[in-house]
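Let me begin by presenting the structure, written as structure tokens, before commenting on it.
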Amino acid sequence: MTRNPQLNRHGELQHLLTIDGLPRNILERILDTAAPFTEVAEREVKKLPLLRGKSVFNLFFENSTRTRTTFEIAAKRLSADVINLNIATSSASKGESLLDTVDNLCAMQADMFIVRHASSGAPYLIAQHLAAQKREHIHVINAGDGRHAHPTQGLLDMYTIRHYKGAFNNLSVAIVGDILHSRVARSQIHALTTLGVPDVRVVGPKTLLPADVQRMGVHVFHNMRAGIKDVDVVMMLRLQNERMQGSLLPSGQEFFKFYGLTEEKLALARPDAIVLHPGPMNRGIEIDSAVADGSQAVILPQVTFGIAVRMAVMSMLAAT
Amino acid sequence: MKIHIKNGRVIDPASGRDETADIYIVAGKIVAVGNGPASFHAIRTVDASGLIVCPGLIDLSARLREPGYEYRATLESEMAAAVAGGVTSLACPPDTDPPLDEPGLVEMLKHRARSLNLAHVYPRGALTVGLKGTTLTEMGELADAGCIAFSQSNTNIEDTQVLLRALQYAATFGHAVWLQPSDYHLARGGVAHEGEVATRLGLTGIPVLAETVAIATLLQLVAVTGARLHLPRISSAAGLHLVAQAKRDGLPVSCDISINHLHLCDNDIGYFNANCRMDPPLRSASDRDALSRGLAAGIVDALCSDHTPVDDDAKQLPFGEAESGATGLELLLPLTLAWARRARIPLVQALARVTSDAARIMGIDAGTLAAGVAADICIFDPDEAYRVTRESLRSQGKNTPFLGLEVVGRTRYTLVSGQIVFDRGSRQARPAAARS
């Protein structure tokens with residue numbers, strides 16, 4: 001197997017493609033770096049010069065508003081020039097190939113690519129292509145690829161947990177819902193286990209859990225009441241509309257009955273438990289409005305912290 | 001032309017012979033092994049000292065890409081690759097464009113292959129028209145045109161009633177049917193073995209069940225119809241277990257595996273290496289090890305290259321969008337030898353899986369060095385080491401997960417019907433370093 005493509009020869013972060021395999025000290029450094037950036041937003045002039053003169057390309061092959069916007073804000077707060085490209089097609093058979101697109105943008109002197117793609121591994125292909133072209137100075141950040149990874153989401157979740165809980169080494173965390181199709185869940189699992197959370201649980205029906213998921217270091221629960229009992233953190237996942245009917249689930253209503261987070265179920269967790277959701281939420285499907293708007297939800301702080309975490313990642317990559 | 005191959009280590013799996021001996025060839029046929037005819041005046045003498053002389057390799061599956069995919073490979077490029085790899089006979093699947101479902105297409109392919117005068121080509125005909133799984137092809141006409149078996153390549157017959165009738169009809173006339181076992185619905189959308197690796201990488205899984213459910217169905221149909229069934233590309237331990245049971249029950253079934261599944265597993269996908277995209281997918285390490293044991297025991301009848309030239313444009317894509325398959329014709333010999341070393345299998349037994357056993361499955365009179373048969377012979381240097389690179393491959397398909405690997409064992413001469421169709425010349429590469 002070749003070298004982990006997201007680290008350079010000195011073990012520093014060259015790209016951010018996944019949390020899987022990243023050492024704990026790098027994750028902690030990202031969270032530490034993010035902390036002062038949260039204050040930038042409080043200032044009258046919300047700008048730092050760390051990426052001045054750099055061109056950041058938002059390369060979105062899959063539609064997204066929230067993630068693209070937060071990356072754009074993060075880059076602009078670091079004084080970068082941001083170019084948004086929405087190439088909402090995953091089909092390589094039509095038009096320009098992925099690598100041709102990348103070559104063209106390289107010719108426009110890109111410094112950083114923020115990539116979202118419907119196919120798992122697409123950011124790796126780009127990173128490997130850049131390495132083969134001797135363009136190591138261009139950095140790639142994975143903004144979500146297929147079911148594989150969404151590392152900045154995983155990191156902002158960790159930032160949120162650390163903000164409210166202080167440390168990781170005494171926590172029980174439950175991830176609930178559609179684990180099978182979720183890149184967010186995979187990044188959360190890798191981040192939690194790497195940061196030393198002793199009890200990571202995944203909760204969902206057998207149709208929405210990937211094969212051998214326990215090999216990723218998690219405990220598997222099918223019963224949500226048992227799965228969130230006494231946990232410190234409940235991480236809900238979004239259920240995509242197209243999964244709600246068919247052979248995976250009979251209906252959104254039935255999913256809510258068994259796996260929707262209600263106040264009654266949340267009462268089984270620790271009294272000071274916090275509730276996270278990567279957004280956008282389906283109220284009444286995976287989460288009840290009373291919980292989403294309740295005192296234990298930290299869903300909006302997640303969004304705010306997300307900008308700081310993305311600023312941290314970009315500034316660290318640019319310094320490599 | 002009279003040829004004398006002298007002083008080689010002759011390995012003939014069909015007879016179990018493994019000794020230094022001379023081979024005498026007259027008019028395309030082997031006339032003697034060991035003591036030559038009195039007053040034999042060879043036109044050409046090949047000194048095989050230090051080399052191994054074995055039957056030309058027989059590859060149960062090599063895509064030549066003609067007609068229809070000439071941008072990927074041509075008969076010229078792939079037949080040159082075959083003989084450079086010591087392959088003298090190969091069976092090609094019907095998944096050309098158009099598929100081999102009409103006698104004229106088969107005759108044209110055979111004619112084109114014959115005119116090149118390199119390896120023998122044995123087409124498999126399409127079992128259903130257009131490989132669509134609904135209408136039976138004219139199997140009698142196709143067999144007359146030269147098809148040795150009927151298959152669906154990597155496509156399925158989804159309708160089990162059509163499948164039953166196809167097997168009944170083929171059994172009526174004694175045609176062999178080759179069906180790669182994969183349940184269409186269970187495999188649908190999948191791109192990698194369902195397991196820990198696919199889960200980590202977020203790749204849609206193909207469960208082992210897709211193979212076992214298909215095999216179980218096919219075996220039930222074989223038991224009723226009596227059709228001769230060959231199961232290409234078994235990929236899992238559980239699938240192999242079902243085949244072994246069927247063989248014990250006396251069903252007329254056989255199976256093969258590819259060099260990829262013999263040597264690789266899902267871990268080799270690493271960071272989304274599209275060269276490891278295979279159909280069926282590379283399975284777990286324990287599956288791979290079970291296939292190796294099965295091949296040694298003969299439960300797996302034969303080893304093939306599953307040669308599939310894929311152009312770079314179809315491989316330089318995200319893993320799930322990349323096309324399946326790898327080039328293999330030139331790797332069949334060295335990877336058979338690598339397996340023999342790793343699994344501590346005598347060469348005579350290992351080579352059987354790519355010569356006499358493969359010939360038996362194809363139903364052709366080849367794969368042996370007996371007197372009286374056509375002189376299809378591979379002469380290789382068992383000690384020559386070389387690195388697999390894009391430049392070292394004659395095939396137009398340059399994509400294989402074995403790129404960069406150093407392999408040991410290289411063809412020096414290939415004879416087809418008594419003619420030297422490949423001669424690598426004197427040994428140029430550096431000698432093998434310490435061999436295990």
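Ordering of the structure tokens sets the chain letters (A, B, ...), residue numbers begin anew at 1 in every chain, and ligands are numbered from 1 in the order given.
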>> Report as a PyMOL selection string all protein, DNA and RNA residues lying within 7 Å of B:Val106, evaluated on only C-alpha atoms, omitting residues in the same chain fewer than 3 positions from it.
In response: chain B and resi 100+102-103+109-110+123+145-146
Selected residues written out with N, CA and C atoms, as a JSON list (two decimals), in the first residue's frame:
```json
[["chain", "number", "residue", "atom", "x", "y", "z"],
["B", 100, "LEU", "N", -21.02, -11.93, -29.55],
["B", 100, "LEU", "CA", -20.87, -13.10, -30.43],
["B", 100, "LEU", "C", -22.13, -13.96, -30.36],
["B", 102, "GLU", "N", -23.99, -14.45, -33.38],
["B", 102, "GLU", "CA", -24.30, -14.91, -34.73],
["B", 102, "GLU", "C", -23.09, -15.63, -35.30],
["B", 103, "PRO", "N", -23.33, -16.70, -36.07],
["B", 103, "PRO", "CA", -22.20, -17.48, -36.60],
["B", 103, "PRO", "C", -21.22, -16.63, -37.41],
["B", 109, "LEU", "N", -14.16, -13.68, -36.50],
["B", 109, "LEU", "CA", -13.16, -13.62, -35.43],
["B", 109, "LEU", "C", -12.14, -14.75, -35.59],
["B", 110, "LYS", "N", -12.64, -15.95, -35.86],
["B", 110, "LYS", "CA", -11.73, -17.09, -36.01],
["B", 110, "LYS", "C", -10.81, -16.87, -37.22],
["B", 123, "PRO", "N", -13.67, -19.04, -29.36],
["B", 123, "PRO", "CA", -14.72, -18.15, -28.85],
["B", 123, "PRO", "C", -15.76, -18.91, -28.04],
["B", 145, "ALA", "N", -19.75, -22.99, -36.04],
["B", 145, "ALA", "CA", -18.84, -21.91, -36.41],
["B", 145, "ALA", "C", -17.58, -21.91, -35.55],
["B", 146, "GLY", "N", -17.60, -22.67, -34.46],
["B", 146, "GLY", "CA", -16.38, -22.77, -33.66],
["B", 146, "GLY", "C", -16.51, -22.41, -32.20]]
```
>> Going by DSSP on the backbone, which residues of stretch 46-125 of chain A come out as strand (DSSP E or B)? List them as a list in words.
In response: Ser55, Val56, Phe57, Asn58, Leu59, Phe60, Asp81, Val82, Ile83, Asn84, Leu85, Asn86, Met112, Phe113, Ile114, Val115, Arg116 and His117 of chain A
Per-residue nearest contacts of stretch 191-292 of chain A to stretch 188-195 of chain B (9 Å; only C-alpha atoms) as JSON lines:
```
{"residue": "A:Pro210", "atom": "CA", "partner": "B:Gly195", "partner_atom": "CA", "distance": 8.0}
{"residue": "A:Ala211", "atom": "CA", "partner": "B:Gly195", "partner_atom": "CA", "distance": 5.2}
{"residue": "A:Asp212", "atom": "CA", "partner": "B:Gly195", "partner_atom": "CA", "distance": 5.7}
{"residue": "A:Val213", "atom": "CA", "partner": "B:Gly195", "partner_atom": "CA", "distance": 8.4}
```
Write the residues of the selection above to a file with all heavy atoms, as a PDB file, in the first residue's frame.
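This went into part_35.pdb:
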```pdb
ATOM      1  N   PRO A 210     -23.707  -0.458   7.831  1.00  0.00           N
ATOM      2  CA  PRO A 210     -22.820  -1.121   6.872  1.00  0.00           C
ATOM      3  C   PRO A 210     -22.216  -2.400   7.454  1.00  0.00           C
ATOM      4  O   PRO A 210     -22.160  -2.574   8.673  1.00  0.00           O
ATOM      5  CB  PRO A 210     -21.727  -0.072   6.609  1.00  0.00           C
ATOM      6  CG  PRO A 210     -21.747   0.816   7.805  1.00  0.00           C
ATOM      7  CD  PRO A 210     -23.138   0.785   8.364  1.00  0.00           C
ATOM      8  N   ALA A 211     -21.772  -3.283   6.562  1.00  0.00           N
ATOM      9  CA  ALA A 211     -21.212  -4.574   6.974  1.00  0.00           C
ATOM     10  C   ALA A 211     -19.980  -4.360   7.846  1.00  0.00           C
ATOM     11  O   ALA A 211     -19.174  -3.471   7.590  1.00  0.00           O
ATOM     12  CB  ALA A 211     -20.833  -5.384   5.731  1.00  0.00           C
ATOM     13  N   ASP A 212     -19.867  -5.175   8.864  1.00  0.00           N
ATOM     14  CA  ASP A 212     -18.670  -5.179   9.723  1.00  0.00           C
ATOM     15  C   ASP A 212     -18.375  -3.825  10.338  1.00  0.00           C
ATOM     16  O   ASP A 212     -17.226  -3.494  10.622  1.00  0.00           O
ATOM     17  CB  ASP A 212     -17.430  -5.642   8.930  1.00  0.00           C
ATOM     18  CG  ASP A 212     -17.554  -7.085   8.470  1.00  0.00           C
ATOM     19  OD1 ASP A 212     -18.261  -7.851   9.154  1.00  0.00           O
ATOM     20  OD2 ASP A 212     -16.960  -7.439   7.440  1.00  0.00           O
ATOM     21  N   VAL A 213     -19.420  -3.015  10.582  1.00  0.00           N
ATOM     22  CA  VAL A 213     -19.173  -1.674  11.129  1.00  0.00           C
ATOM     23  C   VAL A 213     -18.522  -1.756  12.506  1.00  0.00           C
ATOM     24  O   VAL A 213     -17.764  -0.864  12.907  1.00  0.00           O
ATOM     25  CB  VAL A 213     -20.478  -0.842  11.151  1.00  0.00           C
ATOM     26  CG1 VAL A 213     -21.468  -1.407  12.156  1.00  0.00           C
ATOM     27  CG2 VAL A 213     -20.191   0.623  11.444  1.00  0.00           C
TER      28      VAL A 213
END
```
> chain B residues within 9 Å of chain A, counting only C-alpha atoms: which ones, as a PyMOL selection string?
Replying inline: chain B and resi 194-205+267-273+313+316-321
Based on the selection just made, write N, CA and C atoms of those residues as a PDB file, in the first residue's frame.
```
ATOM      1  N   GLU B 194     -18.409  -6.609  -0.004  1.00  0.00           N
ATOM      2  CA  GLU B 194     -19.066  -6.068   1.180  1.00  0.00           C
ATOM      3  C   GLU B 194     -18.340  -6.560   2.416  1.00  0.00           C
ATOM      4  N   GLY B 195     -17.735  -5.648   3.145  1.00  0.00           N
ATOM      5  CA  GLY B 195     -16.959  -6.009   4.321  1.00  0.00           C
ATOM      6  C   GLY B 195     -16.313  -4.778   4.888  1.00  0.00           C
ATOM      7  N   GLU B 196     -15.339  -4.982   5.743  1.00  0.00           N
ATOM      8  CA  GLU B 196     -14.754  -3.867   6.483  1.00  0.00           C
ATOM      9  C   GLU B 196     -14.147  -2.807   5.550  1.00  0.00           C
ATOM     10  N   VAL B 197     -13.466  -3.260   4.503  1.00  0.00           N
ATOM     11  CA  VAL B 197     -12.780  -2.303   3.627  1.00  0.00           C
ATOM     12  C   VAL B 197     -13.799  -1.406   2.917  1.00  0.00           C
ATOM     13  N   ALA B 198     -14.832  -2.035   2.348  1.00  0.00           N
ATOM     14  CA  ALA B 198     -15.851  -1.247   1.644  1.00  0.00           C
ATOM     15  C   ALA B 198     -16.558  -0.314   2.613  1.00  0.00           C
ATOM     16  N   THR B 199     -16.781  -0.778   3.828  1.00  0.00           N
ATOM     17  CA  THR B 199     -17.436   0.060   4.830  1.00  0.00           C
ATOM     18  C   THR B 199     -16.582   1.279   5.141  1.00  0.00           C
ATOM     19  N   ARG B 200     -15.278   1.071   5.341  1.00  0.00           N
ATOM     20  CA  ARG B 200     -14.375   2.191   5.636  1.00  0.00           C
ATOM     21  C   ARG B 200     -14.289   3.175   4.469  1.00  0.00           C
ATOM     22  N   LEU B 201     -14.207   2.625   3.274  1.00  0.00           N
ATOM     23  CA  LEU B 201     -14.023   3.486   2.108  1.00  0.00           C
ATOM     24  C   LEU B 201     -15.341   4.067   1.596  1.00  0.00           C
ATOM     25  N   GLY B 202     -16.443   3.622   2.183  1.00  0.00           N
ATOM     26  CA  GLY B 202     -17.731   4.127   1.730  1.00  0.00           C
ATOM     27  C   GLY B 202     -18.087   3.654   0.335  1.00  0.00           C
ATOM     28  N   LEU B 203     -17.630   2.448  -0.004  1.00  0.00           N
ATOM     29  CA  LEU B 203     -17.949   1.881  -1.319  1.00  0.00           C
ATOM     30  C   LEU B 203     -19.144   0.947  -1.170  1.00  0.00           C
ATOM     31  N   THR B 204     -20.025   0.963  -2.155  1.00  0.00           N
ATOM     32  CA  THR B 204     -21.192   0.095  -2.073  1.00  0.00           C
ATOM     33  C   THR B 204     -20.751  -1.354  -2.185  1.00  0.00           C
ATOM     34  N   GLY B 205     -21.213  -2.176  -1.283  1.00  0.00           N
ATOM     35  CA  GLY B 205     -20.730  -3.551  -1.193  1.00  0.00           C
ATOM     36  C   GLY B 205     -21.465  -4.517  -2.093  1.00  0.00           C
ATOM     37  N   ASN B 267      -8.172  -5.593   0.696  1.00  0.00           N
ATOM     38  CA  ASN B 267      -7.203  -4.662   1.303  1.00  0.00           C
ATOM     39  C   ASN B 267      -6.321  -3.986   0.260  1.00  0.00           C
ATOM     40  N   ASP B 268      -6.095  -4.689  -0.845  1.00  0.00           N
ATOM     41  CA  ASP B 268      -5.219  -4.134  -1.875  1.00  0.00           C
ATOM     42  C   ASP B 268      -5.816  -2.915  -2.570  1.00  0.00           C
ATOM     43  N   ILE B 269      -7.101  -2.666  -2.361  1.00  0.00           N
ATOM     44  CA  ILE B 269      -7.706  -1.454  -2.927  1.00  0.00           C
ATOM     45  C   ILE B 269      -7.005  -0.218  -2.362  1.00  0.00           C
ATOM     46  N   GLY B 270      -6.488  -0.353  -1.129  1.00  0.00           N
ATOM     47  CA  GLY B 270      -5.701   0.738  -0.535  1.00  0.00           C
ATOM     48  C   GLY B 270      -6.480   2.039  -0.533  1.00  0.00           C
ATOM     49  N   TYR B 271      -5.920   3.048  -1.155  1.00  0.00           N
ATOM     50  CA  TYR B 271      -6.594   4.336  -1.252  1.00  0.00           C
ATOM     51  C   TYR B 271      -7.295   4.427  -2.612  1.00  0.00           C
ATOM     52  N   PHE B 272      -8.306   3.634  -2.788  1.00  0.00           N
ATOM     53  CA  PHE B 272      -9.166   3.692  -3.975  1.00  0.00           C
ATOM     54  C   PHE B 272      -8.416   3.396  -5.276  1.00  0.00           C
ATOM     55  N   ASN B 273      -7.546   2.402  -5.274  1.00  0.00           N
ATOM     56  CA  ASN B 273      -6.828   2.031  -6.497  1.00  0.00           C
ATOM     57  C   ASN B 273      -7.791   1.376  -7.485  1.00  0.00           C
ATOM     58  N   ASP B 313      -8.694   6.137 -19.903  1.00  0.00           N
ATOM     59  CA  ASP B 313      -9.823   7.028 -19.647  1.00  0.00           C
ATOM     60  C   ASP B 313     -10.897   6.352 -18.804  1.00  0.00           C
ATOM     61  N   GLN B 316      -9.064   6.067 -15.000  1.00  0.00           N
ATOM     62  CA  GLN B 316      -8.696   7.245 -14.213  1.00  0.00           C
ATOM     63  C   GLN B 316      -9.938   8.000 -13.775  1.00  0.00           C
ATOM     64  N   LEU B 317     -10.707   7.327 -12.960  1.00  0.00           N
ATOM     65  CA  LEU B 317     -11.986   7.822 -12.473  1.00  0.00           C
ATOM     66  C   LEU B 317     -12.094   7.418 -11.009  1.00  0.00           C
ATOM     67  N   PRO B 318     -13.008   8.039 -10.281  1.00  0.00           N
ATOM     68  CA  PRO B 318     -13.245   7.552  -8.924  1.00  0.00           C
ATOM     69  C   PRO B 318     -13.557   6.051  -8.953  1.00  0.00           C
ATOM     70  N   PHE B 319     -13.143   5.335  -7.917  1.00  0.00           N
ATOM     71  CA  PHE B 319     -13.195   3.872  -7.906  1.00  0.00           C
ATOM     72  C   PHE B 319     -14.529   3.307  -8.425  1.00  0.00           C
ATOM     73  N   GLY B 320     -15.617   3.837  -7.904  1.00  0.00           N
ATOM     74  CA  GLY B 320     -16.918   3.289  -8.254  1.00  0.00           C
ATOM     75  C   GLY B 320     -17.346   3.567  -9.686  1.00  0.00           C
ATOM     76  N   GLU B 321     -16.716   4.552 -10.322  1.00  0.00           N
ATOM     77  CA  GLU B 321     -17.060   4.871 -11.709  1.00  0.00           C
ATOM     78  C   GLU B 321     -16.114   4.208 -12.696  1.00  0.00           C
TER      79      GLU B 321
END
```
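All residues of protein, DNA or RNA that reach within 9 Å of B:Gln349, judged by only C-alpha atoms and not counting those fewer than 5 positions away in the chain, are Pro13, Gly16, Ala296 and Ala340 of chain B.
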Please write the residues from the selection above to a file, keeping C-alpha atoms, as a PDB file, in the first residue's frame.
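Here's the written file result11.pdb:
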```pdb
ATOM      1  CA  PRO B  13       1.404 -32.135 -16.271  1.00  0.00           C
ATOM      2  CA  GLY B  16       3.297 -36.164 -14.778  1.00  0.00           C
ATOM      3  CA  ALA B 296      -4.071 -26.689  -4.994  1.00  0.00           C
ATOM      4  CA  ALA B 340       3.511 -22.403  -6.721  1.00  0.00           C
TER       5      ALA B 340
END
```
With a distance cut-off of 12 Å and only C-alpha atoms, select the neighbouring residues of A:Gly260, excluding the residue or stretch itself and same-chain residues fewer than 4 positions from it, and output the selection as a short mmCIF file (atom, residue, chain, number, x, y, z; two decimals) with C-alpha atoms, in the first residue's frame.
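Saved as part.cif:
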```
data_model
loop_
_atom_site.label_atom_id
_atom_site.label_comp_id
_atom_site.auth_asym_id
_atom_site.auth_seq_id
_atom_site.Cartn_x
_atom_site.Cartn_y
_atom_site.Cartn_z
CA VAL A 176 -28.09 7.44 15.39
CA GLY A 177 -29.77 6.82 12.05
CA ASP A 178 -28.63 6.02 8.55
CA VAL A 203 -27.80 2.94 16.45
CA GLY A 204 -29.98 1.98 13.53
CA ASN A 223 -32.80 -0.48 19.91
CA MET A 224 -32.47 3.28 20.32
CA ARG A 225 -33.51 3.30 23.96
CA ILE A 228 -28.65 6.21 23.98
CA VAL A 234 -26.29 12.08 20.85
CA MET A 235 -25.28 12.64 17.23
CA MET A 236 -28.26 12.45 14.91
CA LEU A 237 -27.85 11.92 11.17
CA ARG A 238 -29.93 13.19 8.33
CA LEU A 239 -32.13 10.61 6.62
CA GLY A 252 -40.41 8.10 7.52
CA GLN A 253 -43.11 7.79 10.17
CA GLU A 254 -42.03 4.31 11.16
CA PHE A 255 -38.40 5.45 11.23
CA PHE A 256 -39.39 8.28 13.58
CA GLU A 264 -38.96 11.07 26.02
CA LYS A 265 -36.06 9.10 24.47
CA LEU A 266 -33.54 11.86 25.20
CA MET A 281 -32.73 18.56 9.71
CA ASN A 282 -35.86 16.62 8.89
CA ARG A 283 -38.07 17.58 11.78
CA GLY A 284 -40.44 14.77 12.64
CA ILE A 285 -38.33 12.19 10.83
CA GLU A 286 -35.06 11.89 12.74
CA ILE A 287 -35.60 14.58 15.34
CA ASP A 288 -38.60 16.06 17.10
CA SER A 289 -38.91 19.84 17.03
CA ALA A 290 -39.04 19.99 20.82
CA VAL A 291 -35.56 18.46 20.92
CA ALA A 292 -34.20 20.40 17.96
#
```
>> Quick one: residues within 12 Å of B:Ala352, only C-alpha atoms, excluding same-chain residues fewer than 5 positions away - as a PyMOL selection string?
In response: chain B and resi 11-17+54-59+295-298+300-304+333+336-337+340+345-347+357-360+366-369
> Residues of stretch 320-386 of chain B in alpha helix (DSSP H) according to DSSP, as a PyMOL selection string?
Replying inline: chain B and resi 332-343+347-352+356-362
> At what distance in Å, to one decimal, does atom CA of B:Asp159 lie from atom CA of A:Thr207?
Replying inline: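 Computed distance, atom CA of A:Thr207 to atom CA of B:Asp159, equals 25.8 Å.
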>> Residues within 6 Å of stretch 375-387 of chain B, please, as a ChimeraX atom specification. Count only C-alpha atoms; anything in the same chain fewer than 4 positions from it doesn't count.
In response: /B:28-30,51-56,86,404-418,431-432
> How many Å lie between atom CA of B:Leu240 and atom CA of B:Ser254, rounded to one decimal?
Replying inline: 10.5 Å
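Of the residues under consideration (A:Arg201, A:Arg310, A:Lys257, A:Lys165), A:Arg310 shows the shortest atom-to-atom contact distance to A:Phe71 when counting only C-alpha atoms.
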> Which value, in Å to one decimal, gives the distance between atom CA of B:Leu329 and atom CA of B:Gly85?
Replying inline: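 These two atoms are separated by 6.0 Å.
Using only C-alpha atoms, the protein and nucleic acid residues lying no more than 8 Å from B:Ser77, apart from those fewer than 5 places from it along its own chain, are B:Arg394, B:Ser395, B:Gln396.
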